[in-house]
Amino acid sequence: MTGASGLIGKANGHTCVVGLGWGDEGKGKIVDLLCPGFDVVVRFNGGANAGHTVCINGKSFAVHLLPSGVFHPEKLSVIGPGVVVDPVSLLNEIDTLASQGVTVGENLKVSDRAHVVMDYHKIEDQLSEAAAGGGRIGTTSRGIGPCYADKVRRSWGIRVGELRNMSKLGKRVEEIVAKKKAMFAALYGEDGGLDASALMRELGGAAERLTPFVAETTSRLHDRIDDGETILFEGANGSLLDVDHGTYPFVTSSNTTANGIGNGSGIPARAVQHVIGICKAYATRVGSGPFVTELTGATGDAIREAGKEFGTTTGRPRRCGWFDAVGTRYTVRLGGVTEVAMMHLDTLSGFEEVGVCTGYRLDGNVTQTMPADVADLERVEPVIERLSGWVEDLSGVDRREDLPETARAYLTRIEALIGVPITIVSVGPDRMQTMISSGSHAIGQVLTTAAERA
Ligand code: GDP
Ligand code: IMO
Ligand code: MG
């Protein structure tokens with residue numbers, strides 16, 4: 001697969017791609033685009049809750065657990081220790097890609113330290129959400145929270161390396177299932193229909209196929225770094241979903257910023273020279289939780305329709321709103337972001353005015369600080385600055401200087417508000433619909449126009 005592969009030169013050091021909002025910013029597109037300049041792509045957090053879209057020559061692919069590097073079979077793709085792996089879902093993903101002509105084989109390694117998402121984690125996710133009623137998080141039902149909880153609890157956690165010895169694992173699973181059934185019955189009034197033997201049968205089949213991919217990935221990555229290779233870290237979810245720094249409790253259960261790299265991959269985060277923050281030209285969120293700039297009326301609907309804002313993993317309609325410079329500056333600083341990729345600029349074409357949130361008004365005071373308390377965040381009113389919009393179709397624009405003046409002014413204003421340069425501007429889902437500034441520190445030898453790329 002070629003597309004715009006010739007677009008990017010060699011990487012200028014280990015780099016991380018991370019979402020600056022509540023997910024779905026377009027991380028998959030950028031990881032795929034940058035991949036040719038790197039040797040290894042590493043996922044370090046989350047699980048099958050992620051849905052990363054890669055569009056190559058008009059054909060769209062979605063990956064959930066697999067790193068977006070798998071579309072470049074000559075690169076090593078690694079699922080790190082910090083990821084929670086649903087074996088059946090991972091194999092389904094590999095099979096789906098195979099049916100679409102993308103083979104995943106020797107190029108994939110899964111850490112033996114990563115934790116296994118079991119069926120009972122998914123059931124627990126659904127039962128606890130149903131019981132929470134109006135207070136539910138709106139999870140992806142992929143068992144993410146319960147799996148991370150069991151990992152931290154220690155006695156119930158199962159690691160991918162254990163799948164190599166199913167007979168030993170059988171006894172543990174039996175014990176865990178008995179305890180889970182008792183716990184579900186006590187908390188939710190039903191045992192979730194759990195059957196340890198059926199669970200082990202399904203897991204056994206998956207384990208057999210998965211074993212060739214399982215490896216001690218931490219030392220492999222260090223060895224590759226020692227050999228002069230460069231790594232691209234692929235963040236999942238978004239920085240505002242970080243379990244420590246996001247809009248808690250309406251978050252996911254992992255560390256989603258570049259700070260998660262150390263624990264999630266075994267490579268110290270300080271090894272990462274460049275952090276590319278991905279954001280859309282507006283904001284979106286799936287699931288519950290505060291959303292300061294949300295547009296619940298016709299404008300929000302228009303953005304959703306124009307941007308095709310429906311979840312890659314669950315198909316749910318995404319909530320849409322204006323660009324939140326307060327939230328984005330917060331996540332830029334949180335993750336040590338060095339430059340930004342602004343996606344979906346094309347989606348905002350046709351609005352007479354576009355809004356940017358420059359401050360949070362709380363109890364009569366305007367602040368640029370993100371409140372920790374979700375109740376405060378729910379009360380915040382956005383201070384919206386209105387900028388002139390543009391009507392032109394941007395999907396074919398190839399250079400930032402060829403954008404309408406108002407679109408350029410929009411980018412410049414956002415750069416000033418968030419404090420880092422926008423070095424990548426995306427105007428469509430395809431690899432080719434991307435403008436990369438020669439001022440990028442992360443990306444080497446950029447050819448800027450389609451003619452040069454051809
Ligand atoms: P991720 O989870 O961060 O990888 O993002 P998703 O794949 O869940 O959602 C991003 C969606 O936007 C996908 O459908 C992409 O194909 C699409 N997309 C990415 N960049 C652009 C862009 O610049 N313009 C438009 N119109 N679509 C884009
Ligand atoms: P990508 O990598 C958008 C959201 C869910 C829910 C909350 C908790 O595609 O950007 P979880 O299942 O993780 O316990 O759900 O987090 N969420 C995402 N939203 N994109 C994602 O991933 C998400 N991963 C989790 O909608 O609100
Ligand atoms: Mg997504």
# chains A, B, ... in the order shown; residues from 1 in each chain; ligands from 1
call {"tool": "closest_atom_pairs", "arguments": {"of": "chain A", "to": "ligand 2", "cutoff": "8 Å", "atoms": "only C-alpha atoms and all ligand atoms", "output": "Markdown table"}}
result
| residue | atom | partner | partner_atom_place_in_ligand_line | distance |
| --- | --- | --- | --- | --- |
| A:Gly19 | CA | ligand 2 | 10 (O) | 6.9 |
| A:Trp22 | CA | ligand 2 | 3 (C) | 5.7 |
| A:Gly23 | CA | ligand 2 | 10 (O) | 3.2 |
| A:Asp24 | CA | ligand 2 | 10 (O) | 3.7 |
| A:Glu25 | CA | ligand 2 | 10 (O) | 6.4 |
| A:Gly26 | CA | ligand 2 | 10 (O) | 7.6 |
| A:Lys27 | CA | ligand 2 | 10 (O) | 7.2 |
| A:Gly46 | CA | ligand 2 | 13 (O) | 7.1 |
| A:Gly47 | CA | ligand 2 | 13 (O) | 7.9 |
| A:Asn49 | CA | ligand 2 | 24 (N) | 4.7 |
| A:Ala50 | CA | ligand 2 | 2 (O) | 3.5 |
| A:Gly51 | CA | ligand 2 | 9 (O) | 3.7 |
| A:His52 | CA | ligand 2 | 9 (O) | 5.2 |
| A:His64 | CA | ligand 2 | 9 (O) | 7.4 |
| A:Asp125 | CA | ligand 2 | 14 (O) | 7.8 |
| A:Ile137 | CA | ligand 2 | 27 (O) | 5.6 |
| A:Gly138 | CA | ligand 2 | 27 (O) | 4.9 |
| A:Thr139 | CA | ligand 2 | 15 (O) | 3.4 |
| A:Thr140 | CA | ligand 2 | 12 (O) | 3.7 |
| A:Ser141 | CA | ligand 2 | 12 (O) | 5.5 |
| A:Arg142 | CA | ligand 2 | 12 (O) | 5.6 |
| A:Gly143 | CA | ligand 2 | 12 (O) | 6.8 |
| A:Ile144 | CA | ligand 2 | 14 (O) | 5.1 |
| A:Gly145 | CA | ligand 2 | 14 (O) | 5.1 |
| A:Gly235 | CA | ligand 2 | 2 (O) | 7.1 |
| A:Ala236 | CA | ligand 2 | 2 (O) | 3.8 |
| A:Asn237 | CA | ligand 2 | 22 (O) | 3.4 |
| A:Gly238 | CA | ligand 2 | 10 (O) | 5.6 |
| A:Leu241 | CA | ligand 2 | 16 (O) | 6.0 |
| A:Phe250 | CA | ligand 2 | 7 (C) | 6.1 |
| A:Val251 | CA | ligand 2 | 7 (C) | 4.9 |
| A:Thr252 | CA | ligand 2 | 13 (O) | 4.0 |
| A:Ser253 | CA | ligand 2 | 14 (O) | 6.2 |
| A:Arg285 | CA | ligand 2 | 19 (N) | 6.5 |
| A:Val286 | CA | ligand 2 | 26 (O) | 4.5 |
| A:Gly287 | CA | ligand 2 | 27 (O) | 3.8 |
| A:Ser288 | CA | ligand 2 | 27 (O) | 5.6 |
| A:Gly289 | CA | ligand 2 | 27 (O) | 7.3 |
| A:Gly311 | CA | ligand 2 | 3 (C) | 7.2 |
| A:Thr312 | CA | ligand 2 | 9 (O) | 6.7 |
| A:Thr313 | CA | ligand 2 | 9 (O) | 7.0 |
call {"tool": "residues_around", "arguments": {"residues": "range 318-335 of chain A", "least_positions_apart": "6", "cutoff": "6 Å", "atoms": "only C-alpha atoms", "output": "PyMOL selection string"}}
result
chain A and resi 20+257-258+282-286+293-295+300+309-310+355-358+368+418
call {"tool": "closest_residue", "arguments": {"among": "A:Ile276, A:Val102, A:Val54, A:Ala198", "to": "ligand 3", "atoms": "only C-alpha atoms and all ligand atoms"}}
result
A:Val54
call {"tool": "residues_around", "arguments": {"residues": "His441 in chain A", "least_positions_apart": "2", "cutoff": "8 Å", "atoms": "only C-alpha atoms", "output": "list in words"}}
result
Asn12, His274, Gly439, Ile443 and Gly444 of chain A
call {"tool": "residues_around", "arguments": {"residues": "Val85 in chain A", "least_positions_apart": "4", "cutoff": "7 Å", "atoms": "only C-alpha atoms", "output": "list of chain:residue names"}}
result
A:Gly47, A:Ala114, A:His115, A:Val116, A:Val117
